[in-house]
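Some notes on the structure that comes next.
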Amino acid sequence: MKALSILTLSVFALLLTCCSGHQQPKSFNNVITGNDSVAMMLGDGTMEVYHSEALGLDIPHPSCLVHQEFDDSLQEVFVGGDISISVIAQYYNDEDIFRSAGQQMQGMGAELLEAEDDYSIHTGQEGDFEYYAKVVEDSARLVTIILRYYPDHAEGVEPLKQLVRDFKP
């Protein structure tokens, strides 16, 4: 019995000696932020392409955003939590087109970030949500893609902003 306790003390002393030069692991911040939750959600998904018969175009989106069905609509919406991507088409022969989507966004207080001959990029806030949008003009229509998100997701949605920037109908 005495030999066992001497052996136990020897092992304990050896462990203390080995660990005395090493720092104990530091604690880490285990609070998940809005940006973290979005990054995890996007990291768990893959990119998919939805073909919209109504709009006549393919819409890339992360699989974590679920398509919402609307009857008789020239709009497609993909939602996941408090993030959404909407794609809207306005045809030039449509009598309801008085102002372009870009003009409408600027009328709501959107900031114009970039403008080229065939597209413009806007950012703004509507209620509790921020949005990032691209309006693309082709020969028959204006196509608008809008990313909506809570402000505390601003960093986490950067990959989705890139998706909006790269969108081409």
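Naming scheme: A, B, ... for chains in displayed order of the structure tokens; residues 1 onward per chain; ligands 1 onward as shown.
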Let's see if you can do this: from backbone DSSP, list all alpha helix (DSSP H) residues in range 60-159 of chain A, as number ranges by chain. A: 101-107, 158-159
Within 12 Å of Gly81 in chain A, counting only C-alpha atoms, which residues show up once you throw out same-chain ones fewer than 6 positions away? Write them as a PDB file with N, CA and C atoms, in the first residue's frame, please.
ATOM      1  N   GLY A  34     -24.705  37.680 -34.227  1.00  0.00           N
ATOM      2  CA  GLY A  34     -25.520  37.560 -35.436  1.00  0.00           C
ATOM      3  C   GLY A  34     -24.676  37.219 -36.642  1.00  0.00           C
ATOM      4  N   SER A  37     -23.769  33.475 -36.462  1.00  0.00           N
ATOM      5  CA  SER A  37     -24.877  32.580 -36.813  1.00  0.00           C
ATOM      6  C   SER A  37     -25.104  32.558 -38.328  1.00  0.00           C
ATOM      7  N   VAL A  38     -24.956  33.704 -38.986  1.00  0.00           N
ATOM      8  CA  VAL A  38     -25.106  33.748 -40.439  1.00  0.00           C
ATOM      9  C   VAL A  38     -23.973  32.988 -41.111  1.00  0.00           C
ATOM     10  N   MET A  41     -24.695  29.351 -40.768  1.00  0.00           N
ATOM     11  CA  MET A  41     -25.805  28.971 -41.641  1.00  0.00           C
ATOM     12  C   MET A  41     -25.330  28.866 -43.085  1.00  0.00           C
ATOM     13  N   LEU A  42     -24.583  29.851 -43.547  1.00  0.00           N
ATOM     14  CA  LEU A  42     -24.087  29.832 -44.922  1.00  0.00           C
ATOM     15  C   LEU A  42     -23.038  28.742 -45.118  1.00  0.00           C
ATOM     16  N   CYS A  64     -29.479  27.179 -47.752  1.00  0.00           N
ATOM     17  CA  CYS A  64     -30.085  27.496 -46.454  1.00  0.00           C
ATOM     18  C   CYS A  64     -31.233  28.495 -46.586  1.00  0.00           C
ATOM     19  N   LEU A  65     -31.383  29.117 -47.748  1.00  0.00           N
ATOM     20  CA  LEU A  65     -32.516  30.012 -47.988  1.00  0.00           C
ATOM     21  C   LEU A  65     -33.566  29.236 -48.771  1.00  0.00           C
ATOM     22  N   VAL A  66     -34.764  29.192 -48.237  1.00  0.00           N
ATOM     23  CA  VAL A  66     -35.847  28.374 -48.787  1.00  0.00           C
ATOM     24  C   VAL A  66     -36.742  29.215 -49.693  1.00  0.00           C
ATOM     25  N   ARG A 148     -32.069  41.398 -47.967  1.00  0.00           N
ATOM     26  CA  ARG A 148     -32.522  42.081 -46.747  1.00  0.00           C
ATOM     27  C   ARG A 148     -31.979  41.311 -45.548  1.00  0.00           C
ATOM     28  N   TYR A 149     -31.534  42.061 -44.520  1.00  0.00           N
ATOM     29  CA  TYR A 149     -30.929  41.437 -43.342  1.00  0.00           C
ATOM     30  C   TYR A 149     -30.962  42.415 -42.169  1.00  0.00           C
ATOM     31  N   TYR A 150     -30.840  41.860 -40.962  1.00  0.00           N
ATOM     32  CA  TYR A 150     -30.727  42.706 -39.776  1.00  0.00           C
ATOM     33  C   TYR A 150     -29.333  43.328 -39.748  1.00  0.00           C
ATOM     34  N   HIS A 153     -26.112  41.518 -38.808  1.00  0.00           N
ATOM     35  CA  HIS A 153     -25.593  40.484 -39.716  1.00  0.00           C
ATOM     36  C   HIS A 153     -24.717  41.080 -40.814  1.00  0.00           C
TER      37      HIS A 153
END
Return as JSON, numbers by chain the full set of residues in range 40-93 of chain A whose backbone-based DSSP assignment is strand (DSSP E). {"A": [47, 48, 49, 50, 51, 52, 57, 58, 59, 60, 61, 62, 66, 67, 68, 75, 76, 77, 78, 79, 80, 83, 84, 85, 86, 87, 88, 89, 90, 91]}
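The residue that comes closest to Leu55 in chain A, out of A:Gln125, A:Gln68, A:Ser84, A:Thr144 and on the basis of only C-alpha atoms, is A:Thr144.
Counting only C-alpha atoms and comparing A:Leu163, A:Val79, A:Ala115, A:Ile88, the residue that lies closest to Leu57 in chain A is A:Ile88.
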So which residues touch Ser139 in chain A within 12 Å, counting only C-alpha atoms, skipping near sequence neighbours fewer than 6 positions away, as a PyMOL selection string? chain A and resi 90-93+118+169
Counting only C-alpha atoms, which of A:Ala110, A:Val164, A:Ile83, A:Val136 gets nearest to Pro151 in chain A? A:Ile83
